[in-house]
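Input: a single structure, listed below in structure tokens.
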Amino acid sequence: MNVSIIGAATTKFGELWDVSPRALAREVVFGALKDAGIEVRQIQALFVGNMLSGMLGGQEHLGAFFAEELGFTNAAAFKIEGACASGGLAIHTAVNGILSGQYETVAVLGVEKMTDHKPEDVATALMGAGSSQERAAGCTFPGLYAILARMHMQEFGTTEEDMAAVAVKNHYHASLNPNAQFHRPITIEAVLKSHKVADPLKLLDCSPISDGASALVLSVRRQASGVKIVASSVATDTLGLDQRASLTELQATKEAALRAYKQAGIEAKDIDVAEAHDCFTIAEILALEDLGFYIKGSAARAIQAGEVTLGKAKKLVVNSSGGLKGCGHPIGATGVKQVVELVAQLRGTAGARQVAGARMGLAHNVGGSGATAVVHILKR
């Protein structure tokens with residue numbers, strides 16, 4: 001697979017009250033172009049990952065909207081939507097555009113502005129990624145992931161302390177990331193004492209509502225010291241949990257990972273650093289098992305033991321950016337930010353959160369409660 005990442009940039013994630021989506025897009029796309037050393041006129045297509053612009057902002061035509069704003073007047077432009085996997089799907093679509101021979105150099109923008117709206121409106125909009133039966137029953141995504149957590153606890157003995165350890169790890173990583181939404185480390189006790197959202201998930205088990213944007217420039221142009229995408233895979237499952245054979249795994253993640261490893265010609269053990277979709281703490285535990293890093297039922301204890309924590313891990317480090325939990329989760333930007341983080345890690349420019357000797361990275365982006373999963377593998 002001959003696709004190089006020649007430019008990458010991200011904004012700070014958080015409650016960015018005074019910054020518009022236009023400003024967020026300009027910051028990261030022009031930042032990625034500068035990083036790539038190319039000009040606007042060299043971009044042949046723009047792929048925008050976003051979920052909520054229509055429901056919350058009243059604007060669905062984001063391809064043309066941002067192409068105009070960024071000066072890509074002669075480029076093809078597309079909006080890609082796949083719930084919380086919108087950013088990952090935008091990258092996947094861009095990669096396929098290059099591999100088809102249609103384009104040589106493209107830009108990918110992931111962007112979301114969520115904090116300008118009432119939390120209840122955001123929650124309702126997010127449930128647009130669920131099944132009609134789940135919406136009719138009044139479910140929310142914290143409630144759906146709480147069901148997955150309960151099933152994992154029942155089958156494998158996973159505890160609330162195990163899940164809290166995910167939040168502790170990712171907030172520690174976020175404290176080292178200047179672009180993260182949260183910079184203060186937390187304790188297991190603080191997680192356990194935080195308010196319940198959907199039992200057993202508490203406030204500090206849940207990723208926040210966030211604003212932010214991230215961008216990449218992809219090209220067939222080779223760079224001797226650059227980073228290449230060596231696998232890009234997507235798999236899907238049912239929208240609703242009630243139709244699935246198992247509630248202790250996300251089948252779409254398992255399938256997307258298997259395809260990606262085959263494309264890259266590697267195994268899970270070859271990955272040095274991973275960005276996993278930790279929208280809730282149980283989601284990271286599921287991800288580490290479904291991606292093949294740990295056998296089913298063992299990931300929680302590995303996290304507790306520090307096996308995937310910066311400064312402690314012997315091999316794999318997970319969510320060096322802080323993940324969705326610590327870095328923030330502006331829906332459409334998340335999948336792109338994950339890859340931006342891996343680019344920094346593989347270039348050796350991640351600063352205090354650098355994973356020593358990182359050469360192979362994996363990004364895992366999920367839509368809904370696992371209806372869509374995107375896996376990218378990057379190599380230095």
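Labels used: A, B, ... for chains in the order of the structure tokens, numbers from 1 for residues in each chain, and numbers from 1 for ligands as shown.
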Q: Just list the residues in range 44-279 of chain A DSSP gives alpha helix (DSSP H) on the backbone, as JSON, numbers by chain.
A: {"A": [53, 54, 55, 56, 57, 62, 63, 64, 65, 66, 67, 68, 69, 70, 86, 87, 88, 89, 90, 91, 92, 93, 94, 95, 96, 97, 98, 99, 119, 120, 121, 122, 123, 124, 125, 126, 132, 133, 134, 135, 136, 141, 142, 143, 144, 145, 146, 147, 148, 149, 150, 151, 152, 153, 154, 155, 156, 160, 161, 162, 163, 164, 165, 166, 167, 168, 169, 170, 171, 172, 173, 174, 188, 189, 190, 191, 192, 193, 251, 252, 253, 254, 255, 256, 257, 258, 259, 260, 261, 262, 263, 264]}
Q: Fewer than 5 positions away in the same chain doesn't count, so skip those; otherwise give me all residues within 10 Å of range 76-79 of chain A, counting only C-alpha atoms, as number ranges by chain.
A: A: 43-51, 60-68, 86, 90, 93-94, 103, 106-110
Keeping only N, CA and C atoms, write those residues as an mmCIF file, in the first residue's frame.
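Result went into part20.cif, see below:
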```
data_model
loop_
_atom_site.group_PDB
_atom_site.id
_atom_site.type_symbol
_atom_site.label_atom_id
_atom_site.label_comp_id
_atom_site.auth_asym_id
_atom_site.auth_seq_id
_atom_site.Cartn_x
_atom_site.Cartn_y
_atom_site.Cartn_z
ATOM 1 N N ILE A 43 -3.500 20.277 -3.564
ATOM 2 C CA ILE A 43 -4.490 19.346 -3.020
ATOM 3 C C ILE A 43 -5.563 19.087 -4.064
ATOM 4 N N GLN A 44 -5.767 17.812 -4.389
ATOM 5 C CA GLN A 44 -6.735 17.438 -5.417
ATOM 6 C C GLN A 44 -8.102 17.057 -4.852
ATOM 7 N N ALA A 45 -8.160 16.728 -3.570
ATOM 8 C CA ALA A 45 -9.444 16.354 -2.969
ATOM 9 C C ALA A 45 -9.393 16.596 -1.466
ATOM 10 N N LEU A 46 -10.557 16.918 -0.919
ATOM 11 C CA LEU A 46 -10.712 17.141 0.517
ATOM 12 C C LEU A 46 -11.774 16.189 1.041
ATOM 13 N N PHE A 47 -11.439 15.452 2.100
ATOM 14 C CA PHE A 47 -12.363 14.517 2.733
ATOM 15 C C PHE A 47 -12.615 14.991 4.159
ATOM 16 N N VAL A 48 -13.860 15.309 4.478
ATOM 17 C CA VAL A 48 -14.224 15.882 5.778
ATOM 18 C C VAL A 48 -14.963 14.849 6.609
ATOM 19 N N GLY A 49 -14.421 14.506 7.770
ATOM 20 C CA GLY A 49 -15.094 13.623 8.708
ATOM 21 C C GLY A 49 -15.861 14.432 9.725
ATOM 22 N N ASN A 50 -17.175 14.210 9.806
ATOM 23 C CA ASN A 50 -18.022 14.962 10.736
ATOM 24 C C ASN A 50 -19.324 14.213 10.921
ATOM 25 N N MET A 51 -19.879 14.271 12.123
ATOM 26 C CA MET A 51 -21.148 13.600 12.391
ATOM 27 C C MET A 51 -22.317 14.559 12.604
ATOM 28 N N GLU A 60 -25.094 20.595 6.324
ATOM 29 C CA GLU A 60 -24.684 19.248 5.933
ATOM 30 C C GLU A 60 -23.661 19.241 4.795
ATOM 31 N N HIS A 61 -23.583 20.339 4.042
ATOM 32 C CA HIS A 61 -22.777 20.357 2.818
ATOM 33 C C HIS A 61 -21.331 20.746 3.145
ATOM 34 N N LEU A 62 -20.695 19.942 3.995
ATOM 35 C CA LEU A 62 -19.397 20.339 4.542
ATOM 36 C C LEU A 62 -18.250 20.236 3.552
ATOM 37 N N GLY A 63 -18.357 19.344 2.563
ATOM 38 C CA GLY A 63 -17.286 19.274 1.580
ATOM 39 C C GLY A 63 -17.092 20.616 0.908
ATOM 40 N N ALA A 64 -18.163 21.142 0.312
ATOM 41 C CA ALA A 64 -18.096 22.442 -0.365
ATOM 42 C C ALA A 64 -17.864 23.572 0.636
ATOM 43 N N PHE A 65 -18.472 23.458 1.820
ATOM 44 C CA PHE A 65 -18.347 24.496 2.850
ATOM 45 C C PHE A 65 -16.885 24.737 3.212
ATOM 46 N N PHE A 66 -16.166 23.663 3.515
ATOM 47 C CA PHE A 66 -14.771 23.825 3.925
ATOM 48 C C PHE A 66 -13.829 23.998 2.732
ATOM 49 N N ALA A 67 -14.181 23.444 1.565
ATOM 50 C CA ALA A 67 -13.365 23.693 0.371
ATOM 51 C C ALA A 67 -13.342 25.172 0.050
ATOM 52 N N GLU A 68 -14.497 25.826 0.169
ATOM 53 C CA GLU A 68 -14.559 27.270 -0.049
ATOM 54 C C GLU A 68 -13.744 28.025 0.995
ATOM 55 N N SER A 86 -16.448 8.693 12.007
ATOM 56 C CA SER A 86 -16.433 9.550 10.813
ATOM 57 C C SER A 86 -15.014 9.921 10.393
ATOM 58 N N ALA A 90 -13.184 8.863 6.922
ATOM 59 C CA ALA A 90 -12.675 9.880 5.999
ATOM 60 C C ALA A 90 -11.269 9.517 5.531
ATOM 61 N N THR A 93 -11.541 6.521 3.124
ATOM 62 C CA THR A 93 -12.029 6.940 1.815
ATOM 63 C C THR A 93 -10.941 7.673 1.039
ATOM 64 N N ALA A 94 -10.172 8.498 1.732
ATOM 65 C CA ALA A 94 -9.073 9.214 1.091
ATOM 66 C C ALA A 94 -8.002 8.246 0.594
ATOM 67 N N TYR A 103 -6.524 10.276 -7.382
ATOM 68 C CA TYR A 103 -5.818 11.425 -6.807
ATOM 69 C C TYR A 103 -4.402 11.030 -6.423
ATOM 70 N N VAL A 106 -4.066 14.427 -1.264
ATOM 71 C CA VAL A 106 -5.367 14.830 -0.734
ATOM 72 C C VAL A 106 -5.223 15.298 0.709
ATOM 73 N N ALA A 107 -6.251 15.999 1.171
ATOM 74 C CA ALA A 107 -6.315 16.434 2.567
ATOM 75 C C ALA A 107 -7.491 15.750 3.251
ATOM 76 N N VAL A 108 -7.292 15.394 4.515
ATOM 77 C CA VAL A 108 -8.365 14.838 5.351
ATOM 78 C C VAL A 108 -8.547 15.768 6.541
ATOM 79 N N LEU A 109 -9.771 16.190 6.765
ATOM 80 C CA LEU A 109 -10.113 17.064 7.887
ATOM 81 C C LEU A 109 -11.154 16.377 8.751
ATOM 82 N N GLY A 110 -10.891 16.262 10.048
ATOM 83 C CA GLY A 110 -11.886 15.812 11.009
ATOM 84 C C GLY A 110 -12.219 16.982 11.910
#
```
Q: Write out as a ChimeraX atom specification the residues lying within 9 Å of range 357-371 of chain A, counting only C-alpha atoms and excluding same-chain residues fewer than 2 positions away.
A: /A:82-89,126-130,141,144-145,235-241,250-253,257,270-277,279,287,291,334-335,338-339,342-343,345-348,354-355,373-380
Give me the range 77-170 of chain A side of the contact with range 3-12 of chain A, cut-off 9 Å, one line per residue showing its nearest atom pair and distance in Å at one decimal, counting only C-alpha atoms, sorted by chain and residue number, as CSV.
```
residue,atom,partner,partner_atom,distance
A:Val95,CA,A:Val3,CA,6.9
A:Ile98,CA,A:Val3,CA,7.3
A:Leu99,CA,A:Val3,CA,7.6
A:Ala107,CA,A:Gly7,CA,8.9
```
Q.
Ranking A:Val318, A:Ala333, A:Val234, A:Cys327 by minimum distance to Phe293 in chain A and counting only C-alpha atoms, which one comes first?
A. A:Val318
**Q.** Secondary structure check, strand (DSSP E) residues of range 141-272 of chain A, as a ChimeraX atom specification
**A.** /A:196-198,201-202,211-219,227-236
Q. With distances taken over only C-alpha atoms, which of A:Ala167, A:Ile80, A:Ala25, A:Met55 is nearest to Thr309 in chain A?
A. A:Ala167
Q.
Applying 8 Å and only C-alpha atoms, which residues near range 115-122 of chain A remain after dropping the ones on its own chain fewer than 4 positions away? List them as an MDAnalysis selection string.
A. chainID A and resid 15:17 56 126 209:211
Q. To one decimal place, how far is CA of Gly265 in chain A from CA of Gly292 in chain A in Å?
A.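 That distance, rounded to one decimal, is 14.8 Å.
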Q.
Please compute the CA of Ser53 in chain A-CA of Glu112 in chain A distance, one decimal, in Å.
A.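 Spanning CA of Ser53 in chain A to CA of Glu112 in chain A is a straight-line distance of 7.4 Å.
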Q. Leaving out range 199-207 of chain A and any residue of its chain fewer than 2 positions from it, which residues lie within 8 Å of it when counting only C-alpha atoms, given as a ChimeraX atom specification?
A. /A:142-143,146,149-150,160,163-164,167,190-192,194-197,209,278-281,324-326,328-329
**Q.** d(CA of Leu33 in chain A, CA of Ser20 in chain A) in Å
**A.**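 One can read the CA of Leu33 in chain A to CA of Ser20 in chain A distance as 20.1 Å.
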**Q.** Selected residue of minimal separation from His171 in chain A among A:Ala23, A:Met1, A:Leu247, A:Ile188, counting only C-alpha atoms
**A.** A:Ile188
